[in-house]
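Participant: I'd like to ask you about the structure that follows.
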Amino acid sequence: MQAKPLVVRDLTIHYYTLHGVVKAVRGVSFAVGRGESLCLVGESGSGKSTIGLAVLGALPSNARVVSGKILINGVNILELSEKELEEIRGKEISMIFQDPVASFNPLFTIGQVLSDIIKYKLGVRDKNEAKKLALKALSEVGLPDPERIYNSYPHELSGGMLQRAAIAVALATRPSILVADEPTTMLDVTLQAQILDLLQGLRRKLGLALLFITHNLGVVAAICDKVLVIYAGSVVEYGPVDEVLLSPLHPYTKRLIECVPRSSVKTSRLKYIPGSLPDLRKDYPGCIFAPRCSEALEKCSRIAPKFVEAKPGHFVACHKAVKAG
Amino acid sequence: MPVSKEYIIKRLLLLVLVVFGVLIITFVITRIIPAHPELLWAGSHPTEEQLEKARRQLHLDKPIYVQLYYYLTDFIKGNWGVSWRTKHPVLKDIATALPATLELVIVAFIMAIIIGVPLGALAALKRETWVDHVVRVVSVLGASVPVFWLALILQLVLSSWLGLLPGAKRVDEYVVIETGFKPITGFILFDSLIQGNFAVFTNALKHIILPAFVLSMYPFGLSARMTRAVMSEVLNEQHTRSALAWGLPKRVVIYKYALKNALAPVIASLGLSFGYTIIGAFMVELVFVWPGLGLYAAMALLSYDYPAVIGCVIVVALIYTVINMIVDIVHSMIDPRVKL
């Protein structure tokens with residue numbers, strides 16, 4: 001069996017701030033295979049975006065990977081130099097971001113960015129050839145009139161078009177992995193579905209390994225094969241998307257799903273999870289969710305639960321869930 | 001070019017308005033000051049008859065609004081009066097002096113941008129390292145050292161003591177005479193270059209280094225500080241991170257993409273610093289005996305030469321307005337979101 005394009009093992013990332021060391025990611029492991037899509041789900045501040053940046057070797061300067069491995073097509077990128085990382089970005093892994101408008105430099109046309117990437121990443125020096133490839137990339141993401149988009153500045157296009165253009169730019173160099181950090185959060189609902197469909201189609205067509213970062217469980221259901229639920233930098237649950245969404249094992253996942261407002265159920269109040277994220281500067285001997293957990297047992301705050309396979313392919317880190325299962 | 005006709009018309013109207021305003025102000029000031037121009041006009045020991053004639057010639061015998069009428073029409077006709085000091089028409093004097101000043105200011109600005117922008121960018125890239133600190137100290141010093149002091153010190157050290165560079169004038173006369181150099185536009189560097197007269201060119205180049213360097217200190221400091229500030233902001237923006245994530249090489253992202261974002265505000269601030277630089281030019285020209293507008297205006301001020309002073313004020317106001325227009329147009333060329 002061929003190695004999976006993206007493998008992350010026991011990743012631990014700390015932020016060094018004026019107020020102390022923030023342990024943002026605490027031993028996270030996962031893998032994404034060819035044509036597979038994995039969703040990282042969690043609240044804001046759970047460390048999911050940090051993981052996304054780390055996978056590209058693009059962490060902010062005050063963050064450091066303390067331990068773990070990030071293997072991209074078998075190569076541990078944590079051991080690469082900045083120059084070698086530059087080589088890998090775009091070619092083997094690329095990324096799209098939450099804000100499509102801010103993702104483009106306002107002073108350059110889409111075509112300029114696209115042509116530059118094709119020039120530097122694919123080594124196409126011929127201008128006409130580069131333009132041809134660029135137009136092809138733009139039409140691939142379903143943009144009408146690629147010629148016009150090519151010559152447009154970001155402010156002349158809508159958010160939805162820009163997100164498509166961003167996908168075109170990210171995939172023009174045919175990376176095997178695409179990291180999508182909340183790419184639909186800033187778009188309105190009809191556009192969200194279109195962008196998700198597009199990503200879904202491209203994933204199948206190109207055999208893309210898709211790492212999808214979101215806090216929106218509706219989006220998770222639409223695009224993912226597997227789900228990794230993250231709370232305060234730790235993995236609490238992992239499994240196939242139907243399993244996790246329909247029969248969640250971890251109390252945190254259950255609460256998260258309960259928080260999604262449903263039009264079919266009439267409720268007077270929106271639900272939320274009481275309490276807030278724990279102080280990430282501290283270490284916790286037990287389950288990190290225990291203080292907010294309504295089902296917590298006595299030992300939860302003392303002993304860290306092991307991450308075990310409760311059902312085939314469905315993993316959870318929870319004393320109670322395992323006991324019940 | 002994204003510049004509309006309306007914009008050009010608006011700007012030209014503004015230009016007229018500015019000049020009109022300056023004319024009114026200078027008119028009022030010269031009428032308030034209790035001077036007796038007819039005394040200067042008529043020469044020493046005039047008879048009452050001569051004075052009467054002088055008043056008639058200067059329209060001083062007419063009501064004030066008629067005087068204003070003559071003042072404005074004379075200005076439009078290009079009759080800006082005769083300098084009391086040089087006895088030449090003011091407009092002719094200015095036409096001779098202006099290219100010298102413009103050449104000096106242009107060279108100073110080019111030096112400022114060529115050194116200031118890359119240094120500012122470097123400081124932004126190496127934030128909080130010794131490079132950043134050195135650039136900060138140098139640029140703050142550059143922007144705050146008094147021009148006349150720096151001019152005198154450099155003249156003393158580099159020219160007087162070490163004899164490395166000439167410390168006065170635009171060009172040595174003997175080179176001009178020996179090579180038979182004839183100025184065309186009055187910009188010596190430009191004229192000598194298109195005539196292929198390299199002797200005059202190198203001579204003029206040596207002369208311009210010191211005064212231009214002194215004059216460039218303020219715009220240099222400004223552009224370095226400005227570039228650093230805008231660059232550090234741009235480097236933290238999402239589009240910089242996206243470009244890097246998409247695999248564009250770092251040098252391309254910085255020197256092609258981010259630098260262009262930094263350029264517009266830097267150029268705008270340099271345009272605004274132009275007024276300050278002209279004031280600097282007055283001092284620099286005085287110290288380096290540079291035969292430009294600054295020296296001319298300074299001498300005119302010191303000898304109460306009102307027509308010359310007014311002429312200089314109007315020309316500087318004109319240049320200032322035109323520079324602002326150019327800055328706007330350049331901005332619109334850099335930034336496609338700006339529509340003029």
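Within each chain, counting starts at residue 1; across the structure tokens, chains are named A, B, ... in the order shown, with ligands numbered 1 upward in that order.
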Residues within 8 Å of segment 112-129 of chain A, please, as a short mmCIF file (atom, residue, chain, number, x, y, z; two decimals) with all heavy atoms, in the first residue's frame. Count only C-alpha atoms; anything in the same chain fewer than 5 positions from it doesn't count.
Facilitator:
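File selection_38.cif, as written:
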data_model
loop_
_atom_site.label_atom_id
_atom_site.label_comp_id
_atom_site.auth_asym_id
_atom_site.auth_seq_id
_atom_site.Cartn_x
_atom_site.Cartn_y
_atom_site.Cartn_z
N GLU A 87 9.84 24.84 -1.77
CA GLU A 87 9.75 23.92 -2.89
C GLU A 87 8.48 23.07 -2.78
O GLU A 87 7.76 22.89 -3.75
CB GLU A 87 11.00 23.03 -2.78
CG GLU A 87 11.69 22.52 -4.02
CD GLU A 87 11.54 23.36 -5.26
OE1 GLU A 87 11.83 24.57 -5.25
OE2 GLU A 87 11.14 22.75 -6.24
N GLY A 90 2.79 24.43 -2.64
CA GLY A 90 2.32 24.61 -4.02
C GLY A 90 2.47 23.33 -4.80
O GLY A 90 1.52 22.87 -5.43
N LYS A 91 3.63 22.72 -4.73
CA LYS A 91 3.85 21.52 -5.53
C LYS A 91 3.19 20.30 -4.92
O LYS A 91 2.57 19.50 -5.62
CB LYS A 91 5.35 21.27 -5.69
CG LYS A 91 5.82 21.62 -7.08
CD LYS A 91 7.22 21.16 -7.31
CE LYS A 91 7.77 21.79 -8.58
NZ LYS A 91 9.20 22.00 -8.53
N ALA A 134 -3.04 28.90 -17.10
CA ALA A 134 -3.80 29.68 -16.13
C ALA A 134 -5.28 29.68 -16.48
O ALA A 134 -6.14 29.48 -15.61
CB ALA A 134 -3.25 31.11 -16.07
N TYR A 150 -9.14 36.34 -15.55
CA TYR A 150 -7.67 36.42 -15.63
C TYR A 150 -7.21 37.87 -15.55
O TYR A 150 -6.25 38.19 -14.88
CB TYR A 150 -7.22 35.79 -16.95
CG TYR A 150 -5.73 35.71 -17.13
CD1 TYR A 150 -5.00 34.62 -16.68
CD2 TYR A 150 -5.05 36.74 -17.78
CE1 TYR A 150 -3.64 34.55 -16.85
CE2 TYR A 150 -3.68 36.68 -17.96
CZ TYR A 150 -2.98 35.58 -17.50
OH TYR A 150 -1.62 35.51 -17.66
N VAL A 169 -5.92 28.74 -8.12
CA VAL A 169 -4.52 29.06 -7.88
C VAL A 169 -3.86 27.95 -7.08
O VAL A 169 -2.75 27.50 -7.39
CB VAL A 169 -4.38 30.41 -7.13
CG1 VAL A 169 -2.95 30.66 -6.73
CG2 VAL A 169 -4.88 31.55 -8.01
N ALA A 172 -3.55 24.81 -9.34
CA ALA A 172 -2.92 24.94 -10.66
C ALA A 172 -1.65 24.12 -10.75
O ALA A 172 -1.26 23.64 -11.81
CB ALA A 172 -2.64 26.41 -10.96
N THR A 173 -0.97 23.96 -9.62
CA THR A 173 0.31 23.27 -9.62
C THR A 173 0.15 21.79 -9.26
O THR A 173 1.14 21.10 -9.04
CB THR A 173 1.26 23.95 -8.63
OG1 THR A 173 0.54 24.17 -7.41
CG2 THR A 173 1.72 25.29 -9.17
N TRP B 246 0.67 29.32 -1.38
CA TRP B 246 0.47 28.80 -2.72
C TRP B 246 1.79 28.45 -3.39
O TRP B 246 1.80 27.97 -4.52
CB TRP B 246 -0.29 29.82 -3.58
CG TRP B 246 -1.71 30.00 -3.15
CD1 TRP B 246 -2.47 29.07 -2.51
CD2 TRP B 246 -2.53 31.15 -3.30
NE1 TRP B 246 -3.72 29.58 -2.26
CE2 TRP B 246 -3.78 30.85 -2.74
CE3 TRP B 246 -2.34 32.42 -3.86
CZ2 TRP B 246 -4.84 31.77 -2.71
CZ3 TRP B 246 -3.38 33.32 -3.84
CH2 TRP B 246 -4.62 33.00 -3.27
N GLY B 247 2.87 28.76 -2.69
CA GLY B 247 4.16 28.30 -3.19
C GLY B 247 4.98 29.35 -3.93
O GLY B 247 6.01 29.03 -4.50
N LEU B 248 4.53 30.61 -3.92
CA LEU B 248 5.38 31.64 -4.55
C LEU B 248 6.65 31.81 -3.72
O LEU B 248 6.59 31.83 -2.49
CB LEU B 248 4.64 32.97 -4.62
CG LEU B 248 3.67 33.12 -5.78
CD1 LEU B 248 2.96 34.47 -5.70
CD2 LEU B 248 4.41 33.02 -7.12
N PRO B 249 7.81 31.92 -4.38
CA PRO B 249 9.05 32.09 -3.63
C PRO B 249 9.00 33.36 -2.78
O PRO B 249 8.39 34.35 -3.18
CB PRO B 249 10.11 32.21 -4.71
CG PRO B 249 9.50 31.64 -5.93
CD PRO B 249 8.03 31.84 -5.82
#
Participant: Pull the helix (DSSP H, G or I) assignments for segment 264-311 of chain B out of DSSP run on the backbone, and list those residues as a VMD selection string.
Facilitator: chain B and resid 264 to 272 274 to 287 293 to 302 306 to 311
Participant: Within segment 161-273 of chain A, find each residue whose DSSP state, derived from the backbone, is strand (DSSP E or B), and express the selection as a list of chain:residue names.
Facilitator: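 Reading the DSSP output for segment 161-273 of chain A, strand (DSSP E or B) covers A:Ile177, A:Leu178, A:Val179, A:Ala180, A:Asp181, A:Ala209, A:Leu210, A:Leu211, A:Phe212, A:Ile213, A:Thr214, A:Lys226, A:Val227, A:Leu228, A:Val229, A:Ile230, A:Tyr231, A:Ser234, A:Val235, A:Val236, A:Glu237, A:Tyr238, A:Gly239, A:Pro240.
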Participant: Please build the interface table for segment 180-247 of chain A against segment 46-58 of chain A with a cut-off of 12 Å, listing for each qualifying residue the nearest atom pair and the distance in Å to one decimal; count only C-alpha atoms, order rows by chain and increasing number, and write it as a Markdown table.
Facilitator:
| residue | atom | partner | partner_atom | distance |
| --- | --- | --- | --- | --- |
| A:Ala180 | CA | A:Gly52 | CA | 8.1 |
| A:Asp181 | CA | A:Ser49 | CA | 6.7 |
| A:Glu182 | CA | A:Ser49 | CA | 8.8 |
| A:Pro183 | CA | A:Ser49 | CA | 11.8 |
| A:Leu210 | CA | A:Gly52 | CA | 11.2 |
| A:Leu211 | CA | A:Gly52 | CA | 8.0 |
| A:Phe212 | CA | A:Gly52 | CA | 8.8 |
| A:Ile213 | CA | A:Lys48 | CA | 6.6 |
| A:Thr214 | CA | A:Lys48 | CA | 8.1 |
| A:His215 | CA | A:Lys48 | CA | 9.2 |
| A:Leu228 | CA | A:Lys48 | CA | 9.9 |
| A:Val229 | CA | A:Lys48 | CA | 9.4 |
| A:Ile230 | CA | A:Ser46 | CA | 6.4 |
| A:Tyr231 | CA | A:Ser46 | CA | 5.4 |
| A:Ala232 | CA | A:Ser46 | CA | 4.5 |
| A:Gly233 | CA | A:Gly47 | CA | 5.1 |
| A:Ser234 | CA | A:Ser46 | CA | 8.1 |
| A:Val235 | CA | A:Ser46 | CA | 9.9 |
| A:Val236 | CA | A:Ser46 | CA | 11.4 |
Participant: Write the residues you've just listed into a file as a PDB file, in the first residue's frame, and include N, CA and C atoms for each of them.
Facilitator:
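Writing done, so here's selection36.pdb:
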ATOM      1  N   ALA A 180      -7.930  23.198   3.501  1.00  0.00           N
ATOM      2  CA  ALA A 180      -8.955  24.219   3.344  1.00  0.00           C
ATOM      3  C   ALA A 180      -9.355  24.704   4.728  1.00  0.00           C
ATOM      4  N   ASP A 181      -8.972  25.949   5.049  1.00  0.00           N
ATOM      5  CA  ASP A 181      -9.254  26.475   6.387  1.00  0.00           C
ATOM      6  C   ASP A 181     -10.533  27.315   6.340  1.00  0.00           C
ATOM      7  N   GLU A 182     -11.636  26.722   6.740  1.00  0.00           N
ATOM      8  CA  GLU A 182     -12.944  27.372   6.752  1.00  0.00           C
ATOM      9  C   GLU A 182     -13.226  28.124   5.450  1.00  0.00           C
ATOM     10  N   PRO A 183     -13.128  27.455   4.322  1.00  0.00           N
ATOM     11  CA  PRO A 183     -13.214  28.199   3.057  1.00  0.00           C
ATOM     12  C   PRO A 183     -14.610  28.698   2.728  1.00  0.00           C
ATOM     13  N   LEU A 210      -7.777  15.828   1.082  1.00  0.00           N
ATOM     14  CA  LEU A 210      -8.335  17.107   1.519  1.00  0.00           C
ATOM     15  C   LEU A 210      -8.397  17.178   3.041  1.00  0.00           C
ATOM     16  N   LEU A 211      -7.710  18.172   3.580  1.00  0.00           N
ATOM     17  CA  LEU A 211      -7.805  18.424   5.015  1.00  0.00           C
ATOM     18  C   LEU A 211      -8.684  19.641   5.195  1.00  0.00           C
ATOM     19  N   PHE A 212      -9.874  19.422   5.728  1.00  0.00           N
ATOM     20  CA  PHE A 212     -10.880  20.478   5.776  1.00  0.00           C
ATOM     21  C   PHE A 212     -11.061  20.927   7.217  1.00  0.00           C
ATOM     22  N   ILE A 213     -10.813  22.204   7.446  1.00  0.00           N
ATOM     23  CA  ILE A 213     -10.908  22.730   8.807  1.00  0.00           C
ATOM     24  C   ILE A 213     -12.185  23.539   8.925  1.00  0.00           C
ATOM     25  N   THR A 214     -13.023  23.206   9.895  1.00  0.00           N
ATOM     26  CA  THR A 214     -14.283  23.940  10.029  1.00  0.00           C
ATOM     27  C   THR A 214     -14.830  23.814  11.446  1.00  0.00           C
ATOM     28  N   HIS A 215     -15.768  24.702  11.766  1.00  0.00           N
ATOM     29  CA  HIS A 215     -16.486  24.539  13.024  1.00  0.00           C
ATOM     30  C   HIS A 215     -17.945  24.240  12.720  1.00  0.00           C
ATOM     31  N   LEU A 228     -12.369  14.451  12.661  1.00  0.00           N
ATOM     32  CA  LEU A 228     -11.494  14.473  13.825  1.00  0.00           C
ATOM     33  C   LEU A 228     -11.966  15.637  14.683  1.00  0.00           C
ATOM     34  N   VAL A 229     -12.495  15.319  15.871  1.00  0.00           N
ATOM     35  CA  VAL A 229     -13.002  16.385  16.733  1.00  0.00           C
ATOM     36  C   VAL A 229     -11.892  16.805  17.690  1.00  0.00           C
ATOM     37  N   ILE A 230     -11.620  18.101  17.698  1.00  0.00           N
ATOM     38  CA  ILE A 230     -10.532  18.611  18.525  1.00  0.00           C
ATOM     39  C   ILE A 230     -11.103  19.512  19.605  1.00  0.00           C
ATOM     40  N   TYR A 231     -10.639  19.314  20.822  1.00  0.00           N
ATOM     41  CA  TYR A 231     -11.023  20.218  21.897  1.00  0.00           C
ATOM     42  C   TYR A 231      -9.757  20.644  22.626  1.00  0.00           C
ATOM     43  N   ALA A 232      -9.542  21.955  22.697  1.00  0.00           N
ATOM     44  CA  ALA A 232      -8.387  22.510  23.411  1.00  0.00           C
ATOM     45  C   ALA A 232      -7.078  21.839  22.995  1.00  0.00           C
ATOM     46  N   GLY A 233      -6.910  21.642  21.724  1.00  0.00           N
ATOM     47  CA  GLY A 233      -5.645  21.124  21.207  1.00  0.00           C
ATOM     48  C   GLY A 233      -5.484  19.623  21.296  1.00  0.00           C
ATOM     49  N   SER A 234      -6.524  18.938  21.799  1.00  0.00           N
ATOM     50  CA  SER A 234      -6.426  17.481  21.909  1.00  0.00           C
ATOM     51  C   SER A 234      -7.534  16.826  21.081  1.00  0.00           C
ATOM     52  N   VAL A 235      -7.207  15.657  20.518  1.00  0.00           N
ATOM     53  CA  VAL A 235      -8.225  14.915  19.771  1.00  0.00           C
ATOM     54  C   VAL A 235      -9.143  14.214  20.770  1.00  0.00           C
ATOM     55  N   VAL A 236     -10.451  14.419  20.649  1.00  0.00           N
ATOM     56  CA  VAL A 236     -11.357  13.740  21.565  1.00  0.00           C
ATOM     57  C   VAL A 236     -12.105  12.598  20.868  1.00  0.00           C
TER      58      VAL A 236
END
Participant: Please determine the contact residues of chain B with respect to chain A at a cut-off of 12 Å, counting only C-alpha atoms, and supply them as a ChimeraX atom specification.
Facilitator: /B:127,234-254,256-264,331-338
Participant: Can you write out the residues you just picked, keeping N, CA and C atoms, as a compact mmCIF listing (two decimals), in the first residue's frame?
Facilitator:
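Now in selection21.txt:
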# COMPACT_ATOMS: atom_id res chain seq x y z
N ARG B 127 12.81 42.62 11.35
CA ARG B 127 12.26 43.38 12.48
C ARG B 127 12.92 42.98 13.79
N VAL B 234 2.02 45.02 5.54
CA VAL B 234 1.67 44.20 4.37
C VAL B 234 2.14 42.76 4.57
N LEU B 235 3.32 42.59 5.16
CA LEU B 235 3.86 41.25 5.33
C LEU B 235 3.00 40.41 6.26
N ASN B 236 2.19 41.09 7.11
CA ASN B 236 1.32 40.36 8.03
C ASN B 236 -0.06 40.14 7.46
N GLU B 237 -0.30 40.66 6.25
CA GLU B 237 -1.64 40.53 5.70
C GLU B 237 -1.88 39.15 5.13
N GLN B 238 -3.16 38.82 5.05
CA GLN B 238 -3.55 37.49 4.58
C GLN B 238 -3.00 37.21 3.19
N HIS B 239 -3.00 38.22 2.29
CA HIS B 239 -2.59 37.91 0.92
C HIS B 239 -1.11 37.56 0.83
N THR B 240 -0.31 38.07 1.76
CA THR B 240 1.10 37.66 1.78
C THR B 240 1.21 36.20 2.21
N ARG B 241 0.43 35.84 3.25
CA ARG B 241 0.46 34.45 3.72
C ARG B 241 -0.09 33.51 2.66
N SER B 242 -1.15 33.95 1.97
CA SER B 242 -1.70 33.10 0.91
C SER B 242 -0.67 32.87 -0.19
N ALA B 243 -0.03 33.97 -0.62
CA ALA B 243 0.94 33.85 -1.72
C ALA B 243 2.04 32.86 -1.35
N LEU B 244 2.48 32.93 -0.08
CA LEU B 244 3.53 31.99 0.36
C LEU B 244 2.98 30.57 0.41
N ALA B 245 1.74 30.42 0.89
CA ALA B 245 1.15 29.08 1.00
C ALA B 245 0.94 28.46 -0.37
N TRP B 246 0.67 29.32 -1.38
CA TRP B 246 0.47 28.80 -2.72
C TRP B 246 1.79 28.45 -3.39
N GLY B 247 2.87 28.76 -2.69
CA GLY B 247 4.16 28.30 -3.19
C GLY B 247 4.98 29.35 -3.93
N LEU B 248 4.53 30.61 -3.92
CA LEU B 248 5.38 31.64 -4.55
C LEU B 248 6.65 31.81 -3.72
N PRO B 249 7.81 31.92 -4.38
CA PRO B 249 9.05 32.09 -3.63
C PRO B 249 9.00 33.36 -2.78
N LYS B 250 9.64 33.31 -1.62
CA LYS B 250 9.57 34.41 -0.68
C LYS B 250 10.07 35.72 -1.28
N ARG B 251 11.16 35.63 -2.07
CA ARG B 251 11.71 36.87 -2.63
C ARG B 251 10.71 37.53 -3.59
N VAL B 252 9.96 36.70 -4.32
CA VAL B 252 8.95 37.25 -5.25
C VAL B 252 7.83 37.90 -4.45
N VAL B 253 7.38 37.22 -3.40
CA VAL B 253 6.29 37.76 -2.58
C VAL B 253 6.69 39.09 -1.97
N ILE B 254 7.95 39.17 -1.52
CA ILE B 254 8.38 40.40 -0.86
C ILE B 254 8.68 41.51 -1.86
N LYS B 256 8.30 41.70 -5.25
CA LYS B 256 7.38 42.03 -6.33
C LYS B 256 6.01 42.42 -5.77
N TYR B 257 5.50 41.61 -4.85
CA TYR B 257 4.13 41.83 -4.40
C TYR B 257 4.04 42.85 -3.26
N ALA B 258 4.67 42.53 -2.14
CA ALA B 258 4.51 43.39 -0.96
C ALA B 258 5.07 44.79 -1.20
N LEU B 259 6.19 44.86 -1.90
CA LEU B 259 6.82 46.17 -2.10
C LEU B 259 5.91 47.10 -2.88
N LYS B 260 5.16 46.55 -3.82
CA LYS B 260 4.24 47.39 -4.58
C LYS B 260 3.16 47.98 -3.68
N ASN B 261 2.70 47.18 -2.72
CA ASN B 261 1.71 47.70 -1.77
C ASN B 261 2.28 48.84 -0.95
N ALA B 262 3.57 48.73 -0.65
CA ALA B 262 4.19 49.74 0.21
C ALA B 262 4.45 51.02 -0.57
N LEU B 263 4.57 50.91 -1.88
CA LEU B 263 5.02 52.05 -2.69
C LEU B 263 4.06 53.24 -2.67
N ALA B 264 2.76 52.95 -2.77
CA ALA B 264 1.80 54.06 -2.89
C ALA B 264 1.86 55.01 -1.68
N HIS B 331 -0.33 57.34 -7.85
CA HIS B 331 -1.09 56.46 -6.95
C HIS B 331 -2.13 55.66 -7.74
N SER B 332 -2.82 56.35 -8.63
CA SER B 332 -3.86 55.66 -9.39
C SER B 332 -3.26 54.65 -10.36
N MET B 333 -2.00 54.88 -10.77
CA MET B 333 -1.35 53.91 -11.64
C MET B 333 -0.92 52.68 -10.86
N ILE B 334 -0.55 52.87 -9.58
CA ILE B 334 -0.13 51.73 -8.77
C ILE B 334 -1.33 50.92 -8.30
N ASP B 335 -2.35 51.64 -7.82
CA ASP B 335 -3.48 50.96 -7.20
C ASP B 335 -4.71 51.00 -8.09
N PRO B 336 -5.13 49.83 -8.61
CA PRO B 336 -6.26 49.80 -9.54
C PRO B 336 -7.57 50.19 -8.87
N ARG B 337 -7.60 50.21 -7.54
CA ARG B 337 -8.85 50.57 -6.87
C ARG B 337 -9.07 52.08 -6.87
N VAL B 338 -7.99 52.83 -7.12
CA VAL B 338 -8.09 54.28 -7.12
C VAL B 338 -8.51 54.75 -8.51
Participant: Which residues are close to Lys282 of chain A, i.e. within 9 Å by only C-alpha atoms, leaving aside same-chain residues fewer than 5 positions away? Reply as JSON, numbers by chain.
Facilitator: {"A": [21, 22, 23]}
Participant: Closest to Ala229 of chain B among B:Arg136, B:Lys87, B:His207, B:Lys169, using only C-alpha atoms?
Facilitator: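 Checking each candidate against Ala229 of chain B, we get B:Arg136 as the closest.
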